[in-house]
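For reference, query20.pdb (PDB, C-alpha atoms, pLDDT in the B column):
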ATOM      1  CA  MET H   1     -21.968   7.260   3.362  1.00 75.00           C
ATOM      2  CA  PRO H   2     -22.822   5.621   0.004  1.00 90.00           C
ATOM      3  CA  PHE H   3     -20.114   3.855  -1.990  1.00 97.00           C
ATOM      4  CA  THR H   4     -18.212   6.192  -4.335  1.00 97.00           C
ATOM      5  CA  PRO H   5     -17.459   4.621  -7.740  1.00 97.00           C
ATOM      6  CA  ASP H   6     -13.910   4.858  -9.103  1.00 98.00           C
ATOM      7  CA  SER H   7     -15.092   7.102 -11.953  1.00 98.00           C
ATOM      8  CA  GLN H   8     -15.926   9.815  -9.389  1.00 98.00           C
ATOM      9  CA  LEU H   9     -12.557   9.677  -7.634  1.00 98.00           C
ATOM     10  CA  ASP H  10      -9.153  11.262  -8.189  1.00 98.00           C
ATOM     11  CA  LEU H  11      -7.054   8.079  -8.100  1.00 98.00           C
ATOM     12  CA  LEU H  12      -3.258   7.977  -7.790  1.00 98.00           C
ATOM     13  CA  PHE H  13      -2.876   5.573 -10.725  1.00 98.00           C
ATOM     14  CA  SER H  14      -4.990   3.634 -13.199  1.00 98.00           C
ATOM     15  CA  THR H  15      -7.258   0.883 -11.886  1.00 98.00           C
ATOM     16  CA  GLU H  16      -6.145  -1.186 -14.886  1.00 98.00           C
ATOM     17  CA  LEU H  17      -2.872  -1.955 -13.074  1.00 98.00           C
ATOM     18  CA  ILE H  18      -4.728  -3.969 -10.410  1.00 98.00           C
ATOM     19  CA  PRO H  19      -5.254  -7.523 -11.696  1.00 98.00           C
ATOM     20  CA  VAL H  20      -8.916  -8.357 -12.311  1.00 98.00           C
ATOM     21  CA  GLU H  21      -8.323 -11.937 -11.148  1.00 98.00           C
ATOM     22  CA  VAL H  22      -7.345 -10.628  -7.699  1.00 98.00           C
ATOM     23  CA  VAL H  23     -10.242  -8.156  -7.516  1.00 98.00           C
ATOM     24  CA  ASN H  24     -12.706 -10.901  -8.472  1.00 98.00           C
ATOM     25  CA  GLN H  25     -11.665 -12.965  -5.441  1.00 98.00           C
ATOM     26  CA  LEU H  26     -12.978 -10.335  -3.029  1.00 98.00           C
ATOM     27  CA  PRO H  27     -16.437 -10.690  -1.483  1.00 97.00           C
ATOM     28  CA  PRO H  28     -19.058  -8.589  -3.328  1.00 97.00           C
ATOM     29  CA  GLU H  29     -19.305  -6.035  -0.510  1.00 97.00           C
ATOM     30  CA  LEU H  30     -15.598  -5.157  -0.881  1.00 98.00           C
ATOM     31  CA  HIS H  31     -13.797  -3.222  -3.631  1.00 98.00           C
ATOM     32  CA  MET H  32     -10.057  -2.860  -4.365  1.00 98.00           C
ATOM     33  CA  ARG H  33      -8.679   0.272  -5.997  1.00 98.00           C
ATOM     34  CA  PRO H  34      -5.770   2.732  -5.987  1.00 98.00           C
ATOM     35  CA  LEU H  35      -5.558   5.291  -3.189  1.00 98.00           C
ATOM     36  CA  ALA H  36      -7.791   8.314  -3.872  1.00 98.00           C
ATOM     37  CA  SER H  37      -7.156  11.948  -2.994  1.00 98.00           C
ATOM     38  CA  THR H  38     -10.182  11.861  -0.655  1.00 98.00           C
ATOM     39  CA  ASP H  39      -9.225   8.698   1.253  1.00 98.00           C
ATOM     40  CA  TYR H  40      -8.168  10.635   4.331  1.00 98.00           C
ATOM     41  CA  ARG H  41     -11.856  10.898   5.218  1.00 98.00           C
ATOM     42  CA  ARG H  42     -12.405   7.185   4.477  1.00 98.00           C
ATOM     43  CA  GLY H  43     -10.138   6.155   7.347  1.00 98.00           C
ATOM     44  CA  HIS H  44      -6.794   5.572   5.621  1.00 98.00           C
ATOM     45  CA  LEU H  45      -4.775   6.527   8.697  1.00 98.00           C
ATOM     46  CA  GLN H  46      -6.996   4.563  11.077  1.00 98.00           C
ATOM     47  CA  VAL H  47      -6.307   1.344   9.164  1.00 98.00           C
ATOM     48  CA  LEU H  48      -2.565   2.073   9.135  1.00 98.00           C
ATOM     49  CA  SER H  49      -2.689   2.448  12.928  1.00 97.00           C
ATOM     50  CA  VAL H  50      -2.893  -1.357  13.302  1.00 95.00           C
ATOM     51  CA  LEU H  51       0.806  -1.355  12.283  1.00 94.00           C
ATOM     52  CA  SER H  52       2.285   1.452  14.314  1.00 92.00           C
ATOM     53  CA  VAL H  53       1.609   4.752  15.988  1.00 92.00           C
ATOM     54  CA  VAL H  54       0.103   7.067  13.392  1.00 95.00           C
ATOM     55  CA  THR H  55       0.216  10.806  13.980  1.00 94.00           C
ATOM     56  CA  ASP H  56      -2.689  12.473  12.203  1.00 97.00           C
ATOM     57  CA  PRO H  57      -1.213  15.364  10.184  1.00 96.00           C
ATOM     58  CA  GLY H  58      -4.659  16.663   9.220  1.00 97.00           C
ATOM     59  CA  GLN H  59      -6.451  16.431   5.906  1.00 98.00           C
ATOM     60  CA  GLU H  60      -4.513  19.226   4.182  1.00 98.00           C
ATOM     61  CA  ALA H  61      -1.093  17.731   4.988  1.00 97.00           C
ATOM     62  CA  TRP H  62      -2.335  14.226   4.064  1.00 98.00           C
ATOM     63  CA  ARG H  63      -3.471  15.577   0.682  1.00 98.00           C
ATOM     64  CA  ALA H  64      -0.090  17.292   0.179  1.00 98.00           C
ATOM     65  CA  GLN H  65       1.628  13.940   0.770  1.00 98.00           C
ATOM     66  CA  PHE H  66      -0.726  12.336  -1.778  1.00 98.00           C
ATOM     67  CA  GLU H  67       0.436  14.948  -4.315  1.00 98.00           C
ATOM     68  CA  VAL H  68       4.094  14.205  -3.500  1.00 98.00           C
ATOM     69  CA  LEU H  69       3.434  10.563  -4.415  1.00 98.00           C
ATOM     70  CA  ARG H  70       1.665  11.627  -7.605  1.00 98.00           C
ATOM     71  CA  ALA H  71       4.676  13.784  -8.562  1.00 98.00           C
ATOM     72  CA  ALA H  72       6.761  10.597  -8.894  1.00 97.00           C
ATOM     73  CA  PRO H  73       4.866   8.706 -11.625  1.00 96.00           C
ATOM     74  CA  ARG H  74       5.439   4.952 -12.031  1.00 97.00           C
ATOM     75  CA  THR H  75       6.934   4.818  -8.533  1.00 98.00           C
ATOM     76  CA  TYR H  76       4.253   4.624  -5.815  1.00 98.00           C
ATOM     77  CA  TYR H  77       1.309   2.225  -5.959  1.00 98.00           C
ATOM     78  CA  PRO H  78      -0.775   2.395  -2.773  1.00 98.00           C
ATOM     79  CA  ILE H  79      -3.975   0.364  -2.912  1.00 98.00           C
ATOM     80  CA  VAL H  80      -6.974   0.119  -0.618  1.00 98.00           C
ATOM     81  CA  ILE H  81      -9.881  -2.216  -0.064  1.00 98.00           C
ATOM     82  CA  ILE H  82     -13.163  -0.422   0.537  1.00 98.00           C
ATOM     83  CA  ASP H  83     -16.172  -1.731   2.441  1.00 98.00           C
ATOM     84  CA  LYS H  84     -18.928  -0.685   0.015  1.00 98.00           C
ATOM     85  CA  PRO H  85     -21.805  -0.326   2.533  1.00 97.00           C
ATOM     86  CA  SER H  86     -19.823   2.184   4.624  1.00 97.00           C
ATOM     87  CA  ASP H  87     -17.449   3.551   1.912  1.00 98.00           C
ATOM     88  CA  ARG H  88     -14.649   3.074   4.461  1.00 98.00           C
ATOM     89  CA  ILE H  89     -11.157   1.663   3.966  1.00 98.00           C
ATOM     90  CA  VAL H  90     -10.656  -1.749   5.588  1.00 98.00           C
ATOM     91  CA  ALA H  91      -7.250  -2.764   4.164  1.00 98.00           C
ATOM     92  CA  VAL H  92      -4.219  -1.013   2.659  1.00 98.00           C
ATOM     93  CA  GLY H  93      -0.816  -1.698   1.180  1.00 98.00           C
ATOM     94  CA  THR H  94       1.793  -0.073  -1.034  1.00 98.00           C
ATOM     95  CA  VAL H  95       4.463  -1.161  -3.444  1.00 98.00           C
ATOM     96  CA  PHE H  96       7.070   1.351  -4.555  1.00 98.00           C
ATOM     97  CA  ILE H  97       9.432   0.786  -7.434  1.00 98.00           C
ATOM     98  CA  GLU H  98      13.151   1.363  -6.903  1.00 98.00           C
ATOM     99  CA  ARG H  99      15.102   1.891 -10.106  1.00 98.00           C
ATOM    100  CA  LYS H 100      18.636   0.512  -9.944  1.00 97.00           C
ATOM    101  CA  PHE H 101      21.916   0.576 -11.830  1.00 97.00           C
ATOM    102  CA  LEU H 102      22.311  -3.146 -11.089  1.00 94.00           C
ATOM    103  CA  ARG H 103      20.973  -5.992 -13.206  1.00 94.00           C
ATOM    104  CA  GLY H 104      20.896  -4.113 -16.468  1.00 95.00           C
ATOM    105  CA  LEU H 105      19.179  -1.056 -14.977  1.00 96.00           C
ATOM    106  CA  GLY H 106      16.615  -3.301 -13.318  1.00 96.00           C
ATOM    107  CA  CYS H 107      14.102  -2.373 -10.680  1.00 98.00           C
ATOM    108  CA  VAL H 108      12.885  -3.824  -7.391  1.00 98.00           C
ATOM    109  CA  GLY H 109       9.403  -3.620  -5.897  1.00 98.00           C
ATOM    110  CA  HIS H 110       9.280  -2.841  -2.172  1.00 98.00           C
ATOM    111  CA  ILE H 111       6.039  -3.783  -0.429  1.00 98.00           C
ATOM    112  CA  GLU H 112       5.242  -1.641   2.592  1.00 98.00           C
ATOM    113  CA  ASP H 113       2.505  -0.890   5.094  1.00 97.00           C
ATOM    114  CA  ILE H 114       0.216  -3.897   4.712  1.00 97.00           C
ATOM    115  CA  ALA H 115      -2.626  -3.345   7.172  1.00 97.00           C
ATOM    116  CA  VAL H 116      -6.085  -4.824   7.618  1.00 98.00           C
ATOM    117  CA  ASP H 117      -8.683  -3.366   9.975  1.00 98.00           C
ATOM    118  CA  LYS H 118      -9.042  -5.626  13.018  1.00 95.00           C
ATOM    119  CA  SER H 119     -12.728  -6.233  12.229  1.00 95.00           C
ATOM    120  CA  GLN H 120     -11.782  -7.602   8.780  1.00 97.00           C
ATOM    121  CA  GLN H 121      -8.818  -9.809   9.678  1.00 94.00           C
ATOM    122  CA  GLY H 122      -9.026 -13.491   8.770  1.00 94.00           C
ATOM    123  CA  LYS H 123     -10.833 -12.825   5.464  1.00 96.00           C
ATOM    124  CA  LYS H 124      -7.712 -13.102   3.246  1.00 97.00           C
ATOM    125  CA  LEU H 125      -7.667  -9.346   2.556  1.00 98.00           C
ATOM    126  CA  GLY H 126      -3.946  -9.164   3.360  1.00 97.00           C
ATOM    127  CA  LEU H 127      -3.338 -11.972   0.874  1.00 98.00           C
ATOM    128  CA  ARG H 128      -5.330 -10.138  -1.819  1.00 98.00           C
ATOM    129  CA  ILE H 129      -3.384  -6.913  -1.189  1.00 98.00           C
ATOM    130  CA  ILE H 130      -0.071  -8.820  -1.458  1.00 98.00           C
ATOM    131  CA  GLN H 131      -1.195 -10.563  -4.657  1.00 98.00           C
ATOM    132  CA  ALA H 132      -2.204  -7.259  -6.262  1.00 98.00           C
ATOM    133  CA  LEU H 133       0.980  -5.440  -5.218  1.00 98.00           C
ATOM    134  CA  THR H 134       3.204  -8.302  -6.359  1.00 98.00           C
ATOM    135  CA  ALA H 135       1.474  -8.291  -9.749  1.00 98.00           C
ATOM    136  CA  ILE H 136       1.958  -4.518 -10.060  1.00 98.00           C
ATOM    137  CA  SER H 137       5.647  -4.974  -9.206  1.00 98.00           C
ATOM    138  CA  GLU H 138       6.137  -7.791 -11.711  1.00 98.00           C
ATOM    139  CA  ASN H 139       4.158  -5.998 -14.429  1.00 98.00           C
ATOM    140  CA  SER H 140       6.394  -2.960 -13.842  1.00 97.00           C
ATOM    141  CA  GLY H 141       9.382  -5.115 -14.817  1.00 97.00           C
ATOM    142  CA  CYS H 142      10.819  -5.668 -11.342  1.00 98.00           C
ATOM    143  CA  TYR H 143      13.212  -8.600 -11.116  1.00 97.00           C
ATOM    144  CA  LYS H 144      12.159  -9.142  -7.481  1.00 97.00           C
ATOM    145  CA  THR H 145       9.629  -7.964  -4.950  1.00 98.00           C
ATOM    146  CA  ILE H 146      10.751  -7.671  -1.330  1.00 97.00           C
ATOM    147  CA  LEU H 147       9.291  -6.741   2.035  1.00 97.00           C
ATOM    148  CA  ASN H 148      10.241  -6.595   5.696  1.00 94.00           C
ATOM    149  CA  CYS H 149       8.142  -8.230   8.383  1.00 93.00           C
ATOM    150  CA  SER H 150       8.241  -9.352  11.986  1.00 92.00           C
ATOM    151  CA  ASP H 151       9.144 -12.940  12.775  1.00 93.00           C
ATOM    152  CA  SER H 152       5.510 -13.609  13.701  1.00 93.00           C
ATOM    153  CA  ASN H 153       4.399 -12.647  10.174  1.00 93.00           C
ATOM    154  CA  ILE H 154       6.887 -14.878   8.327  1.00 94.00           C
ATOM    155  CA  PRO H 155       4.403 -17.783   7.979  1.00 95.00           C
ATOM    156  CA  PHE H 156       1.810 -15.457   6.411  1.00 94.00           C
ATOM    157  CA  TYR H 157       4.246 -14.112   3.827  1.00 96.00           C
ATOM    158  CA  GLU H 158       5.524 -17.610   3.067  1.00 96.00           C
ATOM    159  CA  LYS H 159       1.899 -18.548   2.241  1.00 94.00           C
ATOM    160  CA  CYS H 160       1.940 -15.577  -0.145  1.00 95.00           C
ATOM    161  CA  GLY H 161       4.952 -17.073  -1.972  1.00 95.00           C
ATOM    162  CA  PHE H 162       7.747 -15.094  -0.301  1.00 96.00           C
ATOM    163  CA  GLN H 163      10.930 -16.719   1.036  1.00 96.00           C
ATOM    164  CA  LYS H 164      12.940 -15.689   4.068  1.00 94.00           C
ATOM    165  CA  LYS H 165      16.127 -14.132   2.675  1.00 93.00           C
ATOM    166  CA  GLU H 166      18.963 -12.259   4.370  1.00 88.00           C
ATOM    167  CA  ASN H 167      18.449  -9.789   7.224  1.00 87.00           C
ATOM    168  CA  GLU H 168      17.031  -6.333   7.763  1.00 87.00           C
ATOM    169  CA  MET H 169      18.996  -3.600   9.472  1.00 90.00           C
ATOM    170  CA  ALA H 170      17.610  -0.271  10.663  1.00 90.00           C
ATOM    171  CA  LYS H 171      19.000   2.949  12.070  1.00 90.00           C
ATOM    172  CA  TYR H 172      16.377   5.321  13.358  1.00 87.00           C
ATOM    173  CA  ALA H 173      16.866   9.086  13.361  1.00 84.00           C
ATOM    174  CA  PRO H 174      17.069  10.771  16.774  1.00 85.00           C
ATOM    175  CA  THR H 175      13.586  11.404  18.192  1.00 78.00           C
ATOM    176  CA  GLU H 176      14.352  15.063  18.888  1.00 72.00           C
ATOM    177  CA  ARG H 177      14.954  15.814  15.195  1.00 62.00           C
ATOM    178  CA  ALA H 178      12.571  18.115  13.381  1.00 56.00           C
ATOM    179  CA  GLN H 179       9.700  16.277  11.659  1.00 64.00           C
ATOM    180  CA  THR H 180      10.112  18.373   8.519  1.00 66.00           C
ATOM    181  CA  PRO H 181      12.663  17.013   6.035  1.00 68.00           C
ATOM    182  CA  ARG H 182      15.712  19.218   5.542  1.00 63.00           C
ATOM    183  CA  LEU H 183      16.345  18.224   1.933  1.00 65.00           C
TER     184      LEU H 183
END

Would you put the structure from the file into structure tokens?
Amino acid sequence: MPFTPDSQLDLLFSTELIPVEVVNQLPPELHMRPLASTDYRRGHLQVLSVLSVVTDPGQEAWRAQFEVLRAAPRTYYPIVIIDKPSDRIVAVGTVFIERKFLRGLGCVGHIEDIAVDKSQQGKKLGLRIIQALTAISENSGCYKTILNCSDSNIPFYEKCGFQKKENEMAKYAPTERAQTPRL
């Protein structure tokens, strides 16, 4: 599949929000951009599967979720790195902006779902994703950018400029609950 230029894609947000200085650090065969409405077929879910079990909802449901993100402008910023020769996704990450009543109506960037295809690990793609997402968060006016990670990933995120701070708590919904939200 030949590489699809950004101008031919339905992107979730403007490419101008991704810092050129980060993009320019990628090898020439790779390209960073916002998530596109057609990225289901470029392997978006397969790359995410390096993080956790990913249930494939099908292309139609994936596209509906893309539209849900689009319906909340200035909130969700998922980015991908594309391998140009194959036009396939090899790395992903998202920052979402939480608007708060604290700190003078400030906002916080939450980085989520950083994943790099196993064949591309060790090439600093995770670092480039983190740099781009952090810049989007800071340029959105966030007073901090936070993320959760496993203990084994702490050294990586420290290299990215993050500091270990406080603790994460989680309460998972019962597994027998319906998968469709009730609200």

Selection dump of the PyMOL selection byres ((chain H and resi 82) around 8), as a PyMOL selection string: chain H and resi 30-33+80-81+83-84+87-91

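Going from atom CA of H:Leu147 over to atom CA of H:Val95, you cover 9.2 Å.
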
Within 10 Å of H:Ala135, counting only C-alpha atoms, which residues show up once you throw out same-chain ones fewer than 2 positions away? Write them as a ChimeraX atom specification, please. /H:17-19,22,95,109,129-133,137-142,145

Leaving out H:Asn153 and any residue of its chain fewer than 4 positions from it, which residues lie within 12 Å of it when counting only C-alpha atoms, given as a count of residues only? 12

H:Asp10 environment, 8 Å, only C-alpha atoms, sequence neighbours closer than 5 positions dropped, as a list in words: Ala36, Ser37 and Thr38 of chain H

What is the distance, in Å and to one decimal place, between atom CA of H:Leu26 and atom CA of H:Leu127?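 Separating atom CA of H:Leu26 from atom CA of H:Leu127 is a distance of 10.5 Å.
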
What's the separation between atom CA of H:Pro73 and atom CA of H:Lys124, in Å to one decimal place? 29.2 Å

Matched chain/residue IDs from the PyMOL selection byres ((chain H and resi 67-70) around 12), as number ranges by chain: H: 10-14, 34-38, 60-66, 71-78, 94-97

Using the selection just defined, write its residues with C-alpha atoms as a PDB file, in the frame of the given file.
ATOM      1  CA  ASP H  10      -9.153  11.262  -8.189  1.00 98.00           C
ATOM      2  CA  LEU H  11      -7.054   8.079  -8.100  1.00 98.00           C
ATOM      3  CA  LEU H  12      -3.258   7.977  -7.790  1.00 98.00           C
ATOM      4  CA  PHE H  13      -2.876   5.573 -10.725  1.00 98.00           C
ATOM      5  CA  SER H  14      -4.990   3.634 -13.199  1.00 98.00           C
ATOM      6  CA  PRO H  34      -5.770   2.732  -5.987  1.00 98.00           C
ATOM      7  CA  LEU H  35      -5.558   5.291  -3.189  1.00 98.00           C
ATOM      8  CA  ALA H  36      -7.791   8.314  -3.872  1.00 98.00           C
ATOM      9  CA  SER H  37      -7.156  11.948  -2.994  1.00 98.00           C
ATOM     10  CA  THR H  38     -10.182  11.861  -0.655  1.00 98.00           C
ATOM     11  CA  GLU H  60      -4.513  19.226   4.182  1.00 98.00           C
ATOM     12  CA  ALA H  61      -1.093  17.731   4.988  1.00 97.00           C
ATOM     13  CA  TRP H  62      -2.335  14.226   4.064  1.00 98.00           C
ATOM     14  CA  ARG H  63      -3.471  15.577   0.682  1.00 98.00           C
ATOM     15  CA  ALA H  64      -0.090  17.292   0.179  1.00 98.00           C
ATOM     16  CA  GLN H  65       1.628  13.940   0.770  1.00 98.00           C
ATOM     17  CA  PHE H  66      -0.726  12.336  -1.778  1.00 98.00           C
ATOM     18  CA  ALA H  71       4.676  13.784  -8.562  1.00 98.00           C
ATOM     19  CA  ALA H  72       6.761  10.597  -8.894  1.00 97.00           C
ATOM     20  CA  PRO H  73       4.866   8.706 -11.625  1.00 96.00           C
ATOM     21  CA  ARG H  74       5.439   4.952 -12.031  1.00 97.00           C
ATOM     22  CA  THR H  75       6.934   4.818  -8.533  1.00 98.00           C
ATOM     23  CA  TYR H  76       4.253   4.624  -5.815  1.00 98.00           C
ATOM     24  CA  TYR H  77       1.309   2.225  -5.959  1.00 98.00           C
ATOM     25  CA  PRO H  78      -0.775   2.395  -2.773  1.00 98.00           C
ATOM     26  CA  THR H  94       1.793  -0.073  -1.034  1.00 98.00           C
ATOM     27  CA  VAL H  95       4.463  -1.161  -3.444  1.00 98.00           C
ATOM     28  CA  PHE H  96       7.070   1.351  -4.555  1.00 98.00           C
ATOM     29  CA  ILE H  97       9.432   0.786  -7.434  1.00 98.00           C
TER      30      ILE H  97
END
